[in-house]
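Data block for final.tsv (TSV, C-alpha atoms):
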```tsv
chain	number	residue	atom	x	y	z
A	1	MET	CA	-10.47	-59.89	97.87
A	2	LEU	CA	-10.32	-56.39	96.40
A	3	LEU	CA	-13.41	-54.20	96.76
A	4	GLY	CA	-14.10	-52.16	93.65
A	5	GLY	CA	-13.23	-52.53	90.01
A	6	ILE	CA	-11.59	-49.26	88.95
A	7	ARG	CA	-8.39	-49.09	86.94
A	8	TYR	CA	-6.35	-48.01	89.98
A	9	LEU	CA	-6.62	-51.64	91.12
A	10	LEU	CA	-4.72	-52.94	88.09
A	11	PRO	CA	-1.22	-52.55	89.62
A	12	VAL	CA	-2.51	-54.15	92.83
A	13	ILE	CA	-3.83	-57.15	90.89
A	14	LYS	CA	-0.55	-57.38	88.97
A	15	SER	CA	1.45	-57.31	92.20
A	16	ALA	CA	-0.82	-59.92	93.82
A	17	HIS	CA	-0.39	-62.24	90.85
A	18	GLU	CA	3.38	-61.79	91.03
A	19	GLN	CA	3.17	-62.99	94.65
A	20	GLY	CA	1.14	-66.02	93.55
A	21	TYR	CA	-2.17	-64.88	95.07
A	22	TYR	CA	-5.63	-65.65	93.69
A	23	VAL	CA	-7.53	-62.38	93.30
A	24	ILE	CA	-11.28	-61.85	93.66
A	25	THR	CA	-12.66	-58.43	92.73
A	26	ALA	CA	-16.06	-57.38	94.00
A	27	ASP	CA	-18.57	-54.62	93.28
A	28	ASN	CA	-21.94	-54.22	91.56
A	29	VAL	CA	-20.58	-52.89	88.25
A	30	PRO	CA	-19.68	-55.98	86.16
A	31	ASP	CA	-18.16	-53.91	83.33
A	32	ASN	CA	-15.52	-52.25	85.52
A	33	ILE	CA	-12.07	-52.74	84.04
A	34	ALA	CA	-10.37	-54.47	87.01
A	35	HIS	CA	-12.68	-57.48	86.73
A	36	LYS	CA	-11.07	-58.35	83.40
A	37	TYR	CA	-7.74	-58.89	85.17
A	38	SER	CA	-8.79	-60.63	88.39
A	39	ASP	CA	-9.19	-64.38	88.74
A	40	GLU	CA	-12.81	-64.10	89.82
A	41	TYR	CA	-15.54	-61.46	90.05
A	42	VAL	CA	-18.47	-61.34	92.45
A	43	ASN	CA	-21.40	-58.96	92.13
A	44	VAL	CA	-22.10	-57.25	95.45
A	45	SER	CA	-22.55	-53.71	96.76
A	46	ILE	CA	-19.28	-52.82	98.46
A	47	ILE	CA	-21.07	-50.53	100.92
A	48	ASP	CA	-23.17	-53.46	102.18
A	49	LYS	CA	-20.76	-54.82	104.77
A	50	GLU	CA	-22.90	-57.81	105.72
A	51	ALA	CA	-23.24	-58.91	102.10
A	52	VAL	CA	-19.49	-58.52	101.58
A	53	LEU	CA	-18.85	-60.55	104.75
A	54	ASN	CA	-21.11	-63.37	103.58
A	55	ILE	CA	-19.27	-63.64	100.27
A	56	ALA	CA	-15.86	-63.39	101.94
A	57	GLN	CA	-16.77	-66.26	104.27
A	58	GLU	CA	-18.13	-68.30	101.38
A	59	LYS	CA	-14.93	-67.77	99.38
A	60	LYS	CA	-12.74	-68.41	102.45
A	61	ILE	CA	-10.52	-65.45	101.64
A	62	ASP	CA	-7.15	-64.83	103.35
A	63	GLY	CA	-7.23	-61.04	103.11
A	64	ILE	CA	-9.29	-58.08	101.95
A	65	MET	CA	-8.81	-54.39	101.23
A	66	SER	CA	-10.33	-51.50	99.32
A	67	PHE	CA	-7.35	-49.91	97.57
A	68	GLY	CA	-8.10	-46.53	96.00
A	69	VAL	CA	-11.84	-47.12	96.49
A	70	ASP	CA	-13.16	-45.06	99.39
A	71	PRO	CA	-16.71	-46.53	99.61
A	72	GLY	CA	-15.39	-50.03	100.31
A	73	VAL	CA	-13.00	-49.22	103.16
A	74	VAL	CA	-15.56	-49.67	105.95
A	75	SER	CA	-16.76	-53.01	104.57
A	76	ALA	CA	-13.18	-54.26	104.18
A	77	SER	CA	-12.40	-53.39	107.80
A	78	TYR	CA	-15.62	-55.04	108.95
A	79	VAL	CA	-14.68	-58.28	107.20
A	80	GLN	CA	-11.09	-58.13	108.49
A	81	ASN	CA	-12.29	-57.93	112.07
A	82	LYS	CA	-15.20	-60.39	111.79
A	83	MET	CA	-13.04	-63.07	110.13
A	84	ASN	CA	-9.92	-62.40	112.24
A	85	LEU	CA	-7.93	-61.59	109.12
A	86	PRO	CA	-4.91	-59.27	109.12
A	87	SER	CA	-6.51	-55.90	109.82
A	88	PHE	CA	-5.70	-52.22	109.60
A	89	GLY	CA	-7.06	-51.73	113.13
A	90	GLN	CA	-10.30	-51.86	115.07
A	91	PHE	CA	-13.44	-51.41	113.01
A	92	GLU	CA	-14.51	-48.43	115.16
A	93	SER	CA	-11.27	-46.62	114.29
A	94	ILE	CA	-11.78	-47.15	110.57
A	95	GLU	CA	-15.34	-45.86	110.86
A	96	ILE	CA	-14.01	-42.65	112.41
A	97	LEU	CA	-11.56	-42.12	109.57
A	98	GLN	CA	-14.15	-42.83	106.89
A	99	ASN	CA	-16.84	-40.50	108.19
A	100	LYS	CA	-15.99	-36.81	107.84
A	101	ASP	CA	-18.29	-35.85	110.72
A	102	LYS	CA	-16.80	-38.40	113.16
A	103	PHE	CA	-13.28	-37.58	111.97
A	104	ARG	CA	-13.65	-33.84	112.57
A	105	SER	CA	-15.09	-34.53	116.04
A	106	PHE	CA	-12.25	-36.90	116.90
A	107	LEU	CA	-9.62	-34.38	115.80
A	108	SER	CA	-11.26	-31.63	117.85
A	109	GLU	CA	-11.60	-33.80	120.98
A	110	ASN	CA	-7.92	-34.74	120.80
A	111	GLY	CA	-6.44	-31.28	120.28
A	112	PHE	CA	-5.58	-31.40	116.57
A	113	ASN	CA	-5.88	-28.34	114.35
A	114	VAL	CA	-9.31	-28.74	112.77
A	115	PRO	CA	-11.75	-26.49	110.86
A	116	LYS	CA	-15.06	-25.61	112.51
A	117	ALA	CA	-17.67	-28.01	111.16
A	118	LYS	CA	-21.27	-29.15	111.56
A	119	SER	CA	-23.07	-32.15	110.11
A	120	PHE	CA	-26.70	-32.28	108.93
A	121	SER	CA	-29.24	-34.91	107.92
A	122	SER	CA	-31.64	-32.62	106.02
A	123	LYS	CA	-31.51	-29.51	103.86
A	124	GLU	CA	-33.81	-27.62	106.22
A	125	GLU	CA	-31.59	-28.45	109.19
A	126	ALA	CA	-28.49	-27.30	107.28
A	127	LEU	CA	-29.99	-23.98	106.17
A	128	ILE	CA	-30.85	-23.14	109.78
A	129	GLY	CA	-27.75	-24.63	111.40
A	130	ILE	CA	-25.07	-22.70	109.54
A	131	SER	CA	-26.46	-19.24	110.29
A	132	CYS	CA	-23.52	-18.48	112.60
A	133	MET	CA	-20.80	-19.62	110.15
A	134	GLU	CA	-18.85	-17.10	108.10
A	135	TYR	CA	-18.37	-17.45	104.36
A	136	PRO	CA	-16.63	-18.95	102.48
A	137	ILE	CA	-17.59	-22.46	103.57
A	138	ILE	CA	-17.17	-25.96	102.15
A	139	VAL	CA	-20.24	-28.16	101.71
A	140	LYS	CA	-19.63	-31.88	101.13
A	141	PRO	CA	-21.03	-35.37	101.76
A	142	THR	CA	-19.74	-37.08	104.89
A	143	ASP	CA	-18.99	-40.28	102.99
A	144	SER	CA	-18.29	-39.79	99.28
A	145	ALA	CA	-15.01	-39.83	97.39
A	146	GLY	CA	-13.38	-38.37	94.30
A	147	SER	CA	-14.43	-34.80	95.21
A	148	LYS	CA	-18.00	-35.60	94.14
A	149	GLY	CA	-20.56	-33.31	95.73
A	150	VAL	CA	-17.96	-30.91	97.15
A	151	THR	CA	-18.62	-27.18	96.71
A	152	LYS	CA	-16.99	-24.02	97.97
A	153	VAL	CA	-19.77	-21.57	98.84
A	154	GLU	CA	-18.96	-17.87	98.79
A	155	ASN	CA	-22.37	-16.50	99.78
A	156	LYS	CA	-25.90	-17.42	100.87
A	157	GLU	CA	-27.22	-17.43	97.29
A	158	GLN	CA	-24.96	-20.38	96.39
A	159	LEU	CA	-25.83	-22.44	99.48
A	160	SER	CA	-29.03	-24.21	98.41
A	161	LYS	CA	-27.57	-25.72	95.24
A	162	ALA	CA	-24.43	-26.83	97.08
A	163	ILE	CA	-26.46	-28.60	99.77
A	164	ASP	CA	-28.52	-30.40	97.13
A	165	SER	CA	-25.33	-31.59	95.41
A	166	ALA	CA	-23.81	-32.86	98.66
A	167	PHE	CA	-26.92	-34.85	99.59
A	168	LEU	CA	-27.12	-36.26	96.07
A	169	HIS	CA	-23.62	-37.77	96.40
A	170	SER	CA	-23.93	-39.02	99.99
A	171	PHE	CA	-24.54	-42.73	100.54
A	172	SER	CA	-25.86	-42.11	104.06
A	173	LYS	CA	-27.71	-38.90	103.11
A	174	LYS	CA	-25.68	-36.87	105.57
A	175	ILE	CA	-23.55	-33.82	104.79
A	176	ILE	CA	-20.96	-31.72	106.57
A	177	ILE	CA	-20.44	-27.97	106.29
A	178	GLU	CA	-17.15	-26.54	107.49
A	179	GLU	CA	-15.13	-23.37	107.40
A	180	PHE	CA	-12.91	-23.01	104.38
A	181	ILE	CA	-9.23	-23.21	105.33
A	182	GLU	CA	-7.41	-20.86	102.98
A	183	LYS	CA	-4.05	-22.43	102.20
A	184	VAL	CA	-0.52	-21.12	101.81
A	185	GLY	CA	1.22	-22.61	98.79
A	186	CYS	CA	-0.16	-25.96	97.66
A	187	SER	CA	-2.09	-28.50	99.66
A	188	SER	CA	-0.70	-32.05	99.81
A	189	ASP	CA	-2.50	-35.27	98.85
A	190	THR	CA	-0.23	-38.29	98.86
A	191	ASP	CA	0.37	-41.68	100.48
A	192	CYS	CA	2.11	-42.93	103.63
A	193	PHE	CA	2.75	-46.33	105.24
A	194	SER	CA	2.83	-47.56	108.84
A	195	ILE	CA	4.18	-50.87	110.11
A	196	ASP	CA	2.68	-52.12	113.37
A	197	GLY	CA	1.47	-48.59	114.12
A	198	LYS	CA	4.78	-46.81	113.40
A	199	LEU	CA	5.17	-44.55	110.38
A	200	ALA	CA	7.78	-46.11	108.14
A	201	PHE	CA	7.31	-43.96	105.04
A	202	VAL	CA	5.84	-40.45	104.85
A	203	SER	CA	5.43	-38.27	101.78
A	204	TYR	CA	4.14	-34.79	101.00
A	205	ASN	CA	3.46	-33.36	97.57
A	206	SER	CA	2.00	-30.33	95.84
A	207	GLN	CA	-1.58	-30.75	94.70
A	208	TYR	CA	-2.95	-28.64	91.86
A	209	PHE	CA	-6.45	-27.90	90.60
A	210	ASP	CA	-7.94	-26.67	87.35
A	211	ASP	CA	-9.87	-23.47	88.01
A	212	LYS	CA	-11.62	-23.85	84.64
A	213	ALA	CA	-12.91	-27.35	85.39
A	214	ALA	CA	-16.59	-28.07	86.03
A	215	ASN	CA	-15.51	-29.00	89.57
A	216	PRO	CA	-12.47	-26.90	90.54
A	217	TYR	CA	-11.93	-29.06	93.66
A	218	THR	CA	-11.06	-32.22	91.75
A	219	PRO	CA	-7.25	-32.71	91.76
A	220	ALA	CA	-5.77	-32.12	88.31
A	221	ALA	CA	-2.03	-32.57	88.93
A	222	TYR	CA	0.56	-33.46	91.55
A	223	SER	CA	4.26	-32.88	92.00
A	224	TRP	CA	6.93	-34.07	94.38
A	225	PRO	CA	8.39	-32.54	96.57
A	226	SER	CA	5.84	-30.32	98.37
A	227	THR	CA	5.79	-26.58	98.98
A	228	PHE	CA	5.89	-27.18	102.78
A	229	THR	CA	8.90	-26.21	104.83
A	230	GLU	CA	10.95	-28.87	106.60
A	231	GLU	CA	9.55	-27.65	109.92
A	232	GLN	CA	5.95	-27.91	108.68
A	233	GLU	CA	6.51	-31.43	107.38
A	234	LYS	CA	8.10	-32.45	110.68
A	235	TYR	CA	5.09	-31.13	112.62
A	236	LEU	CA	2.59	-32.86	110.32
A	237	THR	CA	4.50	-36.15	110.52
A	238	SER	CA	4.37	-35.97	114.31
A	239	GLU	CA	0.61	-35.28	114.22
A	240	ILE	CA	-0.04	-38.09	111.74
A	241	GLN	CA	1.84	-40.47	114.01
A	242	ARG	CA	-0.12	-39.22	117.03
A	243	LEU	CA	-3.38	-39.83	115.17
A	244	ILE	CA	-2.31	-43.34	114.15
A	245	THR	CA	-1.36	-44.13	117.75
A	246	LEU	CA	-4.60	-42.77	119.22
A	247	LEU	CA	-6.66	-44.87	116.82
A	248	GLY	CA	-4.58	-48.00	117.33
A	249	LEU	CA	-3.87	-48.50	113.63
A	250	LYS	CA	-1.47	-51.22	112.49
A	251	THR	CA	0.17	-51.99	109.15
A	252	VAL	CA	-1.62	-49.69	106.74
A	253	VAL	CA	-1.17	-47.70	103.54
A	254	TYR	CA	-2.81	-44.27	103.95
A	255	ASN	CA	-3.95	-41.51	101.68
A	256	VAL	CA	-3.32	-38.29	103.62
A	257	GLU	CA	-4.47	-34.78	102.73
A	258	THR	CA	-2.79	-31.87	104.53
A	259	ARG	CA	-2.47	-28.12	104.12
A	260	ILE	CA	-0.94	-25.06	105.76
A	261	SER	CA	-3.42	-22.32	106.61
A	262	THR	CA	-2.85	-18.60	106.19
A	263	ASN	CA	-2.89	-18.48	110.01
A	264	GLY	CA	0.27	-20.61	109.94
A	265	LYS	CA	-1.35	-23.76	111.32
A	266	PRO	CA	-0.80	-27.13	109.60
A	267	TYR	CA	-3.99	-29.19	109.21
A	268	ILE	CA	-4.65	-32.88	108.61
A	269	MET	CA	-7.70	-32.61	106.36
A	270	GLU	CA	-8.19	-36.32	105.63
A	271	LEU	CA	-6.45	-39.58	106.55
A	272	THR	CA	-7.95	-42.70	105.01
A	273	PRO	CA	-6.67	-46.29	105.37
A	274	ARG	CA	-6.31	-47.04	101.66
A	275	GLY	CA	-3.99	-46.26	98.80
A	276	GLY	CA	-4.94	-43.02	97.12
A	277	GLY	CA	-6.55	-42.83	93.72
A	278	ASN	CA	-4.79	-41.10	90.84
A	279	ARG	CA	-1.92	-43.63	90.95
A	280	LEU	CA	-0.23	-41.96	93.94
A	281	CYS	CA	1.48	-45.14	95.17
A	282	GLU	CA	2.74	-45.76	91.64
A	283	MET	CA	4.10	-42.22	91.45
A	284	LEU	CA	5.91	-42.67	94.75
A	285	ARG	CA	7.41	-45.92	93.47
A	286	TYR	CA	8.76	-43.96	90.50
A	287	ALA	CA	9.97	-41.08	92.67
A	288	THR	CA	11.54	-43.01	95.57
A	289	GLY	CA	11.70	-46.70	94.72
A	290	VAL	CA	9.47	-47.54	97.71
A	291	ASP	CA	6.93	-50.18	96.69
A	292	MET	CA	3.89	-49.72	98.93
A	293	ILE	CA	1.60	-51.61	96.55
A	294	THR	CA	3.45	-54.91	96.82
A	295	ASN	CA	3.91	-54.56	100.56
A	296	ILE	CA	0.30	-53.76	101.47
A	297	THR	CA	-0.82	-56.62	99.20
A	298	ARG	CA	1.42	-58.96	101.20
A	299	ALA	CA	0.41	-57.47	104.53
A	300	VAL	CA	-3.33	-58.01	104.10
A	301	VAL	CA	-2.83	-61.77	103.71
A	302	GLY	CA	-0.37	-61.95	106.59
A	303	ASP	CA	2.87	-62.29	104.63
A	304	SER	CA	6.05	-60.43	105.56
A	305	ILE	CA	6.89	-57.02	104.15
A	306	GLU	CA	10.25	-55.45	103.39
A	307	ASN	CA	12.00	-52.37	102.05
A	308	ILE	CA	9.50	-49.88	103.43
A	309	GLU	CA	11.70	-47.06	104.62
A	310	GLN	CA	12.02	-43.32	104.24
A	311	LYS	CA	13.83	-42.49	101.02
A	312	PRO	CA	14.50	-39.20	99.20
A	313	TYR	CA	12.91	-38.26	95.88
A	314	ILE	CA	15.01	-39.24	92.87
A	315	GLY	CA	14.56	-36.06	90.86
A	316	HIS	CA	11.51	-33.86	90.26
A	317	TRP	CA	8.33	-35.78	89.49
A	318	ALA	CA	4.88	-34.74	88.37
A	319	GLU	CA	1.62	-36.40	87.42
A	320	ILE	CA	-0.96	-34.76	85.18
A	321	ILE	CA	-4.57	-35.96	85.35
A	322	ILE	CA	-5.66	-35.68	81.73
A	323	HIS	CA	-9.20	-34.33	81.40
A	324	SER	CA	-11.41	-32.37	79.06
A	325	ASP	CA	-12.85	-28.91	79.70
A	326	THR	CA	-15.81	-29.74	77.45
A	327	SER	CA	-18.03	-32.74	76.83
A	328	GLY	CA	-17.94	-34.28	73.38
A	329	ILE	CA	-16.21	-36.84	71.19
A	330	PHE	CA	-12.53	-37.44	71.99
A	331	ASP	CA	-10.08	-37.10	69.10
A	332	HIS	CA	-6.51	-36.95	70.44
A	333	ILE	CA	-4.08	-35.18	72.78
A	334	GLU	CA	-1.11	-33.03	71.83
A	335	ILE	CA	2.03	-32.55	73.96
A	336	SER	CA	4.35	-29.69	73.04
A	337	LYS	CA	7.87	-30.67	72.04
A	338	ASP	CA	9.07	-27.68	74.07
A	339	LEU	CA	8.05	-29.29	77.38
A	340	PRO	CA	11.32	-29.52	79.40
A	341	ALA	CA	10.51	-32.91	80.90
A	342	GLU	CA	10.75	-36.59	80.12
A	343	VAL	CA	7.37	-38.18	79.47
A	344	ILE	CA	7.97	-41.36	81.45
A	345	GLU	CA	4.49	-42.72	80.86
A	346	LYS	CA	1.43	-41.68	78.87
A	347	ASP	CA	-1.58	-43.70	80.02
A	348	LEU	CA	-4.63	-42.79	77.92
A	349	TRP	CA	-7.91	-44.43	78.90
A	350	VAL	CA	-10.04	-43.39	75.92
A	351	SER	CA	-9.81	-43.93	72.18
A	352	LYS	CA	-10.67	-41.72	69.24
A	353	GLY	CA	-14.45	-41.55	68.92
A	354	ASP	CA	-15.20	-42.16	72.61
A	355	ASN	CA	-17.53	-39.86	74.52
A	356	VAL	CA	-15.85	-37.76	77.22
A	357	ASP	CA	-17.38	-35.56	79.92
A	358	THR	CA	-16.30	-32.37	81.61
A	359	PHE	CA	-14.14	-32.74	84.74
A	360	GLU	CA	-16.72	-32.92	87.52
A	361	GLY	CA	-14.99	-35.67	89.49
A	362	ALA	CA	-12.08	-38.10	89.45
A	363	ASN	CA	-14.21	-40.54	87.43
A	364	ASN	CA	-14.16	-38.08	84.50
A	365	ALA	CA	-10.38	-38.29	84.04
A	366	ILE	CA	-9.32	-39.73	80.70
A	367	GLY	CA	-5.72	-40.63	81.49
A	368	THR	CA	-2.48	-39.65	83.21
A	369	LEU	CA	0.96	-38.38	82.30
A	370	VAL	CA	4.01	-39.25	84.41
A	371	LEU	CA	6.70	-36.61	83.98
A	372	ARG	CA	10.24	-36.16	85.26
A	373	PHE	CA	11.49	-32.59	85.03
A	374	HIS	CA	15.13	-31.63	84.81
A	375	THR	CA	14.85	-28.81	87.35
A	376	ILE	CA	12.41	-27.90	90.09
A	377	GLU	CA	12.07	-24.44	88.52
A	378	ASP	CA	10.85	-25.95	85.24
A	379	MET	CA	8.42	-28.17	87.10
A	380	LYS	CA	6.93	-25.26	89.06
A	381	THR	CA	6.57	-23.21	85.88
A	382	TYR	CA	4.96	-25.81	83.64
A	383	ILE	CA	2.74	-27.76	86.02
A	384	VAL	CA	0.59	-24.72	86.83
A	385	LYS	CA	-0.05	-24.01	83.13
A	386	PRO	CA	-0.72	-27.37	81.46
A	387	ASP	CA	-2.92	-25.72	78.83
A	388	LYS	CA	0.24	-24.08	77.46
A	389	TRP	CA	1.79	-27.43	76.49
A	390	LEU	CA	-1.01	-30.04	76.70
A	391	ARG	CA	-4.06	-29.96	74.45
A	392	VAL	CA	-7.03	-32.33	74.69
A	393	VAL	CA	-8.86	-32.23	71.36
A	394	VAL	CA	-12.58	-32.91	71.66
A	395	LYS	CA	-15.07	-32.49	68.80
```

Now, as a test, write the supplied structure out as structure tokens.
Amino acid sequence: MLLGGIRYLLPVIKSAHEQGYYVITADNVPDNIAHKYSDEYVNVSIIDKEAVLNIAQEKKIDGIMSFGVDPGVVSASYVQNKMNLPSFGQFESIEILQNKDKFRSFLSENGFNVPKAKSFSSKEEALIGISCMEYPIIVKPTDSAGSKGVTKVENKEQLSKAIDSAFLHSFSKKIIIEEFIEKVGCSSDTDCFSIDGKLAFVSYNSQYFDDKAANPYTPAAYSWPSTFTEEQEKYLTSEIQRLITLLGLKTVVYNVETRISTNGKPYIMELTPRGGGNRLCEMLRYATGVDMITNITRAVVGDSIENIEQKPYIGHWAEIIIHSDTSGIFDHIEISKDLPAEVIEKDLWVSKGDNVDTFEGANNAIGTLVLRFHTIEDMKTYIVKPDKWLRVVVK
């Protein structure tokens, strides 16, 4: 059973079918694209863990996960543990990872580098409780995904609106406010894989944002390798492994966000037991040949996995999240012939005449480009200025 119905599940469904598995997709949005490709669809709220459990028991499933769909991770873990299915770890550990408040507290209690943070259940409580924090700060829901409801606040005048946005996008109506960690170079947002609690594949990338977007904290592009030094990556890998060990995690695909602060400290910002959105596992399969999608699909039903090992990047890879700076009617995209890269894949999710919205969250993306650059210098030059070679025409 796969929780959710977004397009990032399509390669998971394809891989499952190649293994001979029967696939059930589940959420409360019947028109989601993944349901057209699964063998069966059930209508249920994926954040209602008891309802998901009831359906999973009724269907007598052999495995469950929420790949690329953050809201379903807790329910998937709950079902894994209640039905004694292959699990990512204890339910309590998954709850820690999926709740930004609990996660920050766990990191602090165990000596990890962590930003100062406080959680709040009401706007009034938040306005009073952050009086001792210095700006800039980050205001975000404790439990949403896709950068929805996340705001960088530079001063007191911006605070009220940011708090309202965070509460609006929180399922549990709880927010967290934390110090803003100014980064050196690019932050990293990419996927990793552990086997029986031991990291078998680790990756770091460079994550880019569009300052002109409606939400400048929604990832707009990625490239591999990262801007981290070898020493910084070694330290972060050690800390990721320490975190996995402390939480007792098992065979898991992770989406991991990290950054290096201007104070020189490396930070684990997020570690979630799911494949990342934005096709990150697919990109890593292109870049290294490591197939985490097939292996996690096999692992969650208890089948053996193979060929998960650390491998170097085969060239210089980038992914562009195609989006519009304005709302309107989509017409077409234009890619300059002068772009010094191979367009390995152009995956456009809209057609001429479709309505498109400004880039407020990952759900407003309209497609992706997979690029392989000839040199790392070309990649660094062109990925930071996509508007110079990529044009999204909206009328």

For Val150 of chain A, which of A:Leu369, A:Ala51, A:Ile320, A:Ile138 is the closest residue, counting all atoms listed in the file?
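Closest to Val150 of chain A of all the choices is A:Ile138.
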
Which segment 260-340 of chain A residues have any atom within 10 Å of an atom of segment 206-214 of chain A, and for each, what is the nearest pair of atoms with distance in Å to one decimal, counting all atoms listed in the file, rows sorted by chain and number, as CSV?
```
residue,atom,partner,partner_atom,distance
A:Ala318,CA,A:Ser206,CA,9.1
A:Glu319,CA,A:Gln207,CA,9.8
A:Ile320,CA,A:Tyr208,CA,9.3
A:Ile321,CA,A:Phe209,CA,9.8
A:His323,CA,A:Ala213,CA,8.9
A:Ser324,CA,A:Ala213,CA,8.2
A:Asp325,CA,A:Ala213,CA,5.9
A:Thr326,CA,A:Ala214,CA,8.8
```

What are the nearest atom pairs, with distances in Å to one decimal, for all residues of segment 41-151 of chain A that come at most 8 Å from segment 155-175 of chain A, using all atoms listed in the file, set out by chain and rising residue number as CSV?
```
residue,atom,partner,partner_atom,distance
A:Ser119,CA,A:Ile175,CA,5.6
A:Phe120,CA,A:Ile175,CA,5.4
A:Ser121,CA,A:Lys174,CA,4.7
A:Ser122,CA,A:Lys174,CA,7.3
A:Lys123,CA,A:Ile163,CA,6.6
A:Ala126,CA,A:Ile163,CA,7.9
A:Leu127,CA,A:Ser160,CA,7.8
A:Tyr135,CA,A:Asn155,CA,6.2
A:Pro136,CA,A:Asn155,CA,6.8
A:Val139,CA,A:Ala162,CA,6.4
A:Lys140,CA,A:Ala166,CA,5.0
A:Pro141,CA,A:Ile175,CA,4.2
A:Thr142,CA,A:Ile175,CA,5.0
A:Asp143,CA,A:Ser170,CA,5.9
A:Ser144,CA,A:Ser170,CA,5.7
A:Lys148,CA,A:His169,CA,6.4
A:Gly149,CA,A:Ala166,CA,4.4
A:Val150,CA,A:Ala166,CA,6.3
A:Thr151,CA,A:Ala162,CA,5.8
```

Output file for the residues above (C-alpha atoms, as a tab-separated table (two decimals), in the coordinates of the input):
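The resulting selection-v5.tsv:
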```tsv
chain	number	residue	atom	x	y	z
A	119	SER	CA	-23.07	-32.15	110.11
A	120	PHE	CA	-26.70	-32.28	108.93
A	121	SER	CA	-29.24	-34.91	107.92
A	122	SER	CA	-31.64	-32.62	106.02
A	123	LYS	CA	-31.51	-29.51	103.86
A	126	ALA	CA	-28.49	-27.30	107.28
A	127	LEU	CA	-29.99	-23.98	106.17
A	135	TYR	CA	-18.37	-17.45	104.36
A	136	PRO	CA	-16.63	-18.95	102.48
A	139	VAL	CA	-20.24	-28.16	101.71
A	140	LYS	CA	-19.63	-31.88	101.13
A	141	PRO	CA	-21.03	-35.37	101.76
A	142	THR	CA	-19.74	-37.08	104.89
A	143	ASP	CA	-18.99	-40.28	102.99
A	144	SER	CA	-18.29	-39.79	99.28
A	148	LYS	CA	-18.00	-35.60	94.14
A	149	GLY	CA	-20.56	-33.31	95.73
A	150	VAL	CA	-17.96	-30.91	97.15
A	151	THR	CA	-18.62	-27.18	96.71
```

Proximity of segment 152-186 of chain A to segment 246-269 of chain A: per-residue shortest pair, 10 Å limit, all atoms listed in the file, as a Markdown table:
```
| residue | atom | partner | partner_atom | distance |
| --- | --- | --- | --- | --- |
| A:Phe180 | CA | A:Ser261 | CA | 9.8 |
| A:Ile181 | CA | A:Ser261 | CA | 6.0 |
| A:Glu182 | CA | A:Ser261 | CA | 5.6 |
| A:Lys183 | CA | A:Ser261 | CA | 4.5 |
| A:Val184 | CA | A:Thr262 | CA | 5.6 |
| A:Gly185 | CA | A:Ile260 | CA | 7.7 |
| A:Cys186 | CA | A:Arg259 | CA | 7.2 |
```

Any idea what's packed within 8 Å of Trp224 of chain A, counting all atoms listed in the file, ignoring anything in its chain fewer than 3 positions away? Could you give it as JSON, numbers by chain?
{"A": [204, 205, 206, 287, 313, 316, 317, 318]}

Store the residues picked out above, limited to C-alpha atoms, as a PDB file, in the frame of the given file.
```
ATOM      1  CA  TYR A 204       4.140 -34.790 101.000  1.00  0.00           C
ATOM      2  CA  ASN A 205       3.460 -33.360  97.570  1.00  0.00           C
ATOM      3  CA  SER A 206       2.000 -30.330  95.840  1.00  0.00           C
ATOM      4  CA  ALA A 287       9.970 -41.080  92.670  1.00  0.00           C
ATOM      5  CA  TYR A 313      12.910 -38.260  95.880  1.00  0.00           C
ATOM      6  CA  HIS A 316      11.510 -33.860  90.260  1.00  0.00           C
ATOM      7  CA  TRP A 317       8.330 -35.780  89.490  1.00  0.00           C
ATOM      8  CA  ALA A 318       4.880 -34.740  88.370  1.00  0.00           C
TER       9      ALA A 318
END
```

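Going from atom CA of Asp331 of chain A to atom CA of Asn355 of chain A covers 9.6 Å.
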
Would you compute, for all listed atoms of segment 166-181 of chain A, the axis-aligned bounding box grown by 4 Å on each side, and then report its centre and edge lengths in Å rounded to one decimal, as JSON?
```
{"center_x": -18.5, "center_y": -32.9, "center_z": 101.8, "size_x": 26.5, "size_y": 27.7, "size_z": 19.4}
```

Nearest residue to Ile383 of chain A from the set A:Thr368, A:Ser223, A:Thr272, A:Thr288 (distances using all atoms listed in the file):
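That would be A:Ser223, the residue with the smallest distance to Ile383 of chain A.
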